[in-house]
Amino acid sequence: MSTDARHPTEPAAGLTIRRALPADVRAIRDLVDPYAERRILLAKDLVGYYEAIQEFLVAERGGEVIGCGALHVMWDDLAEVRTLAVRTDVRGTGVGHLLLDALLDRARELRLSRVFCLTFEVKFFTRHGFAPIAGSVVDREVFHQLLLSRDDGIAEFLDLARVKPNTLGNTRMLRELSGPGAPDAVSG
Ligand SMILES: CC(C)(COP(=O)(O)OP(=O)(O)OC[C@H]1O[C@@H](n2cnc3c(N)ncnc32)[C@H](O)[C@@H]1OP(=O)(O)O)[C@@H](O)C(=O)NCCC(=O)NCCS
């Protein structure tokens, strides 16, 4: 992973992006909680993190988890980037960009062609080729299949009335991936 030449700091110095382990769950929960309290991210119980741990990547520096993010598969071509969080004291130093790059690489490995996100961070996701979308991005049949899910993130993706209070002010964004191994669309 390379350092962005536009920025003076070296986000990659001493930073490892790796698959999350069950032992990281409490650190992930501590990262997410401040954002969940402000309704920026969905809150989860500890068991929810354990169940989802294989979806997570973490950013680690000096033995500490300073960022996390998950890729949640929704259909054969589609996943969501969710729970992307960087510890408040290291925001703005490039950790989030490295995590999102790695999550998009993961989506390509899984041969997915579209990645969704629901976010207040429109500029940040735009830098990674995401664009705002309106309406549904799945056909009727897939929509009805997704309705069977009990996952709150899926309910948010479907824009169901019961989760509207969670999604107020968020922007729905989609990134098309042009194929496995395709270069990322970050532009300066
Ligand atoms: C969104 C979020 C994950 C971004 O993480 P981050 O580590 O702060 O992001 P970065 O530092 O990589 O980039 C943010 C800005 O920092 C600056 N930056 C990036 N790399 C930098 C570097 N090496 N040195 C200095 N500044 C840098 C840039 O101005 C960048 O702006 P850009 O988005 O226009 O490129 C973080 O703000 C967060 O945890 N937000 C709350 C949760 C959330 O909203 N998650 C998204 C929905 S799931």
# chains A, B, ... in the order shown; residues from 1 in each chain; ligands from 1
call {"tool": "residues_near_ligand", "arguments": {"ligand": "ligand 1", "cutoff": "8 Å", "atoms": "only C-alpha atoms and all ligand atoms", "output": "MDAnalysis selection string"}}
result
chainID A and resid 3:4 6:11 32 35 40:41 67 69 81:88 90:98 117:121 123:127
call {"tool": "select_by_dssp", "arguments": {"residues": "stretch 21-176 of chain A", "states": "strand (DSSP E)", "output": "NGL selection string"}}
result
:A and (56-61 or 64-73 or 78-86 or 114-119 or 131-132 or 171-176)
call {"tool": "select_by_dssp", "arguments": {"residues": "chain A", "states": "helix (DSSP H, G or I)", "output": "MDAnalysis selection string"}}
result
chainID A and resid 22:37 46:55 88:90 95:109 122:126 140:146 152:158 161:167
call {"tool": "closest_residue", "arguments": {"among": "A:Asp45, A:Glu55, A:Glu64, A:Glu109", "to": "A:Asp77", "atoms": "only C-alpha atoms"}}
result
A:Glu109
call {"tool": "decode", "arguments": {"residues": "stretch 47-94 of chain A", "atoms": "N, CA and C atoms", "output": "mmCIF file, in the first residue's frame"}}
result
data_model
loop_
_atom_site.group_PDB
_atom_site.id
_atom_site.type_symbol
_atom_site.label_atom_id
_atom_site.label_comp_id
_atom_site.auth_asym_id
_atom_site.auth_seq_id
_atom_site.Cartn_x
_atom_site.Cartn_y
_atom_site.Cartn_z
ATOM 1 N N VAL A 47 -22.033 -9.791 20.834
ATOM 2 C CA VAL A 47 -22.273 -11.016 20.066
ATOM 3 C C VAL A 47 -22.385 -10.706 18.568
ATOM 4 N N GLY A 48 -22.927 -9.550 18.243
ATOM 5 C CA GLY A 48 -23.045 -9.144 16.835
ATOM 6 C C GLY A 48 -21.679 -8.987 16.183
ATOM 7 N N TYR A 49 -20.719 -8.457 16.956
ATOM 8 C CA TYR A 49 -19.362 -8.333 16.411
ATOM 9 C C TYR A 49 -18.708 -9.709 16.234
ATOM 10 N N TYR A 50 -18.900 -10.593 17.225
ATOM 11 C CA TYR A 50 -18.310 -11.939 17.069
ATOM 12 C C TYR A 50 -18.876 -12.635 15.848
ATOM 13 N N GLU A 51 -20.197 -12.509 15.667
ATOM 14 C CA GLU A 51 -20.825 -13.172 14.515
ATOM 15 C C GLU A 51 -20.298 -12.627 13.196
ATOM 16 N N ALA A 52 -19.974 -11.337 13.197
ATOM 17 C CA ALA A 52 -19.567 -10.691 11.939
ATOM 18 C C ALA A 52 -18.049 -10.568 11.805
ATOM 19 N N ILE A 53 -17.283 -11.135 12.741
ATOM 20 C CA ILE A 53 -15.847 -10.807 12.793
ATOM 21 C C ILE A 53 -15.105 -11.156 11.496
ATOM 22 N N GLN A 54 -15.594 -12.189 10.804
ATOM 23 C CA GLN A 54 -14.877 -12.588 9.576
ATOM 24 C C GLN A 54 -15.084 -11.599 8.430
ATOM 25 N N GLU A 55 -15.991 -10.639 8.610
ATOM 26 C CA GLU A 55 -16.193 -9.591 7.595
ATOM 27 C C GLU A 55 -15.248 -8.413 7.824
ATOM 28 N N PHE A 56 -14.610 -8.383 8.988
ATOM 29 C CA PHE A 56 -13.874 -7.178 9.397
ATOM 30 C C PHE A 56 -12.393 -7.204 9.022
ATOM 31 N N LEU A 57 -11.904 -6.015 8.678
ATOM 32 C CA LEU A 57 -10.460 -5.759 8.637
ATOM 33 C C LEU A 57 -10.177 -4.762 9.747
ATOM 34 N N VAL A 58 -8.961 -4.808 10.272
ATOM 35 C CA VAL A 58 -8.570 -3.783 11.248
ATOM 36 C C VAL A 58 -7.261 -3.141 10.819
ATOM 37 N N ALA A 59 -7.078 -1.912 11.268
ATOM 38 C CA ALA A 59 -5.803 -1.209 11.115
ATOM 39 C C ALA A 59 -5.148 -1.227 12.483
ATOM 40 N N GLU A 60 -3.889 -1.702 12.504
ATOM 41 C CA GLU A 60 -3.191 -1.840 13.782
ATOM 42 C C GLU A 60 -1.867 -1.089 13.710
ATOM 43 N N ARG A 61 -1.586 -0.369 14.778
ATOM 44 C CA ARG A 61 -0.273 0.298 14.878
ATOM 45 C C ARG A 61 0.215 0.165 16.317
ATOM 46 N N GLY A 62 1.465 -0.251 16.454
ATOM 47 C CA GLY A 62 2.040 -0.388 17.800
ATOM 48 C C GLY A 62 1.214 -1.308 18.685
ATOM 49 N N GLY A 63 0.640 -2.348 18.078
ATOM 50 C CA GLY A 63 -0.140 -3.307 18.869
ATOM 51 C C GLY A 63 -1.545 -2.837 19.215
ATOM 52 N N GLU A 64 -1.925 -1.636 18.737
ATOM 53 C CA GLU A 64 -3.266 -1.120 19.051
ATOM 54 C C GLU A 64 -4.127 -1.078 17.800
ATOM 55 N N VAL A 65 -5.376 -1.451 17.955
ATOM 56 C CA VAL A 65 -6.320 -1.357 16.838
ATOM 57 C C VAL A 65 -6.814 0.091 16.773
ATOM 58 N N ILE A 66 -6.518 0.754 15.638
ATOM 59 C CA ILE A 66 -6.889 2.173 15.525
ATOM 60 C C ILE A 66 -7.944 2.414 14.440
ATOM 61 N N GLY A 67 -8.330 1.353 13.762
ATOM 62 C CA GLY A 67 -9.384 1.504 12.758
ATOM 63 C C GLY A 67 -9.967 0.151 12.410
ATOM 64 N N CYS A 68 -11.186 0.183 11.875
ATOM 65 C CA CYS A 68 -11.827 -1.077 11.461
ATOM 66 C C CYS A 68 -12.810 -0.787 10.338
ATOM 67 N N GLY A 69 -13.187 -1.835 9.656
ATOM 68 C CA GLY A 69 -14.214 -1.698 8.618
ATOM 69 C C GLY A 69 -14.625 -3.088 8.183
ATOM 70 N N ALA A 70 -15.871 -3.202 7.710
ATOM 71 C CA ALA A 70 -16.374 -4.525 7.327
ATOM 72 C C ALA A 70 -16.959 -4.483 5.922
ATOM 73 N N LEU A 71 -16.902 -5.626 5.275
ATOM 74 C CA LEU A 71 -17.545 -5.799 3.978
ATOM 75 C C LEU A 71 -18.602 -6.874 4.153
ATOM 76 N N HIS A 72 -19.858 -6.458 4.046
ATOM 77 C CA HIS A 72 -20.975 -7.382 4.280
ATOM 78 C C HIS A 72 -21.597 -7.757 2.941
ATOM 79 N N VAL A 73 -21.490 -9.031 2.576
ATOM 80 C CA VAL A 73 -22.041 -9.486 1.291
ATOM 81 C C VAL A 73 -23.564 -9.533 1.382
ATOM 82 N N MET A 74 -24.216 -8.960 0.355
ATOM 83 C CA MET A 74 -25.685 -8.953 0.340
ATOM 84 C C MET A 74 -26.267 -9.820 -0.764
ATOM 85 N N TRP A 75 -25.540 -9.922 -1.884
ATOM 86 C CA TRP A 75 -26.061 -10.734 -2.988
ATOM 87 C C TRP A 75 -24.876 -11.195 -3.824
ATOM 88 N N ASP A 76 -25.134 -11.883 -4.945
ATOM 89 C CA ASP A 76 -23.985 -12.464 -5.664
ATOM 90 C C ASP A 76 -23.074 -11.420 -6.291
ATOM 91 N N ASP A 77 -23.576 -10.207 -6.474
ATOM 92 C CA ASP A 77 -22.768 -9.156 -7.084
ATOM 93 C C ASP A 77 -22.556 -7.960 -6.166
ATOM 94 N N LEU A 78 -23.103 -8.011 -4.978
ATOM 95 C CA LEU A 78 -23.264 -6.786 -4.179
ATOM 96 C C LEU A 78 -22.860 -6.964 -2.711
ATOM 97 N N ALA A 79 -22.130 -5.976 -2.206
ATOM 98 C CA ALA A 79 -21.805 -5.965 -0.771
ATOM 99 C C ALA A 79 -21.921 -4.539 -0.257
ATOM 100 N N GLU A 80 -21.873 -4.423 1.056
ATOM 101 C CA GLU A 80 -21.899 -3.102 1.690
ATOM 102 C C GLU A 80 -20.627 -2.902 2.503
ATOM 103 N N VAL A 81 -20.032 -1.724 2.384
ATOM 104 C CA VAL A 81 -18.991 -1.332 3.340
ATOM 105 C C VAL A 81 -19.712 -0.781 4.549
ATOM 106 N N ARG A 82 -19.456 -1.381 5.698
ATOM 107 C CA ARG A 82 -20.128 -0.919 6.916
ATOM 108 C C ARG A 82 -19.144 -0.873 8.081
ATOM 109 N N THR A 83 -19.547 -0.142 9.110
ATOM 110 C CA THR A 83 -18.763 -0.047 10.342
ATOM 111 C C THR A 83 -17.313 0.355 10.063
ATOM 112 N N LEU A 84 -17.139 1.250 9.126
ATOM 113 C CA LEU A 84 -15.794 1.790 8.871
ATOM 114 C C LEU A 84 -15.564 2.900 9.897
ATOM 115 N N ALA A 85 -14.600 2.697 10.764
ATOM 116 C CA ALA A 85 -14.381 3.656 11.852
ATOM 117 C C ALA A 85 -12.901 3.787 12.154
ATOM 118 N N VAL A 86 -12.482 5.019 12.341
ATOM 119 C CA VAL A 86 -11.085 5.296 12.692
ATOM 120 C C VAL A 86 -11.084 6.002 14.045
ATOM 121 N N ARG A 87 -10.169 5.591 14.908
ATOM 122 C CA ARG A 87 -10.117 6.181 16.253
ATOM 123 C C ARG A 87 -10.045 7.703 16.134
ATOM 124 N N THR A 88 -10.835 8.382 16.960
ATOM 125 C CA THR A 88 -11.029 9.822 16.759
ATOM 126 C C THR A 88 -9.704 10.601 16.744
ATOM 127 N N ASP A 89 -8.713 10.173 17.547
ATOM 128 C CA ASP A 89 -7.467 10.949 17.626
ATOM 129 C C ASP A 89 -6.547 10.737 16.430
ATOM 130 N N VAL A 90 -6.837 9.776 15.565
ATOM 131 C CA VAL A 90 -5.974 9.595 14.377
ATOM 132 C C VAL A 90 -6.747 9.805 13.071
ATOM 133 N N ARG A 91 -7.940 10.384 13.188
ATOM 134 C CA ARG A 91 -8.683 10.701 11.958
ATOM 135 C C ARG A 91 -7.916 11.732 11.149
ATOM 136 N N GLY A 92 -8.082 11.660 9.835
ATOM 137 C CA GLY A 92 -7.436 12.641 8.955
ATOM 138 C C GLY A 92 -5.977 12.358 8.703
ATOM 139 N N THR A 93 -5.521 11.141 8.987
ATOM 140 C CA THR A 93 -4.112 10.809 8.729
ATOM 141 C C THR A 93 -3.979 9.688 7.699
ATOM 142 N N GLY A 94 -5.050 9.354 7.024
ATOM 143 C CA GLY A 94 -4.958 8.386 5.929
ATOM 144 C C GLY A 94 -5.331 6.956 6.264
#
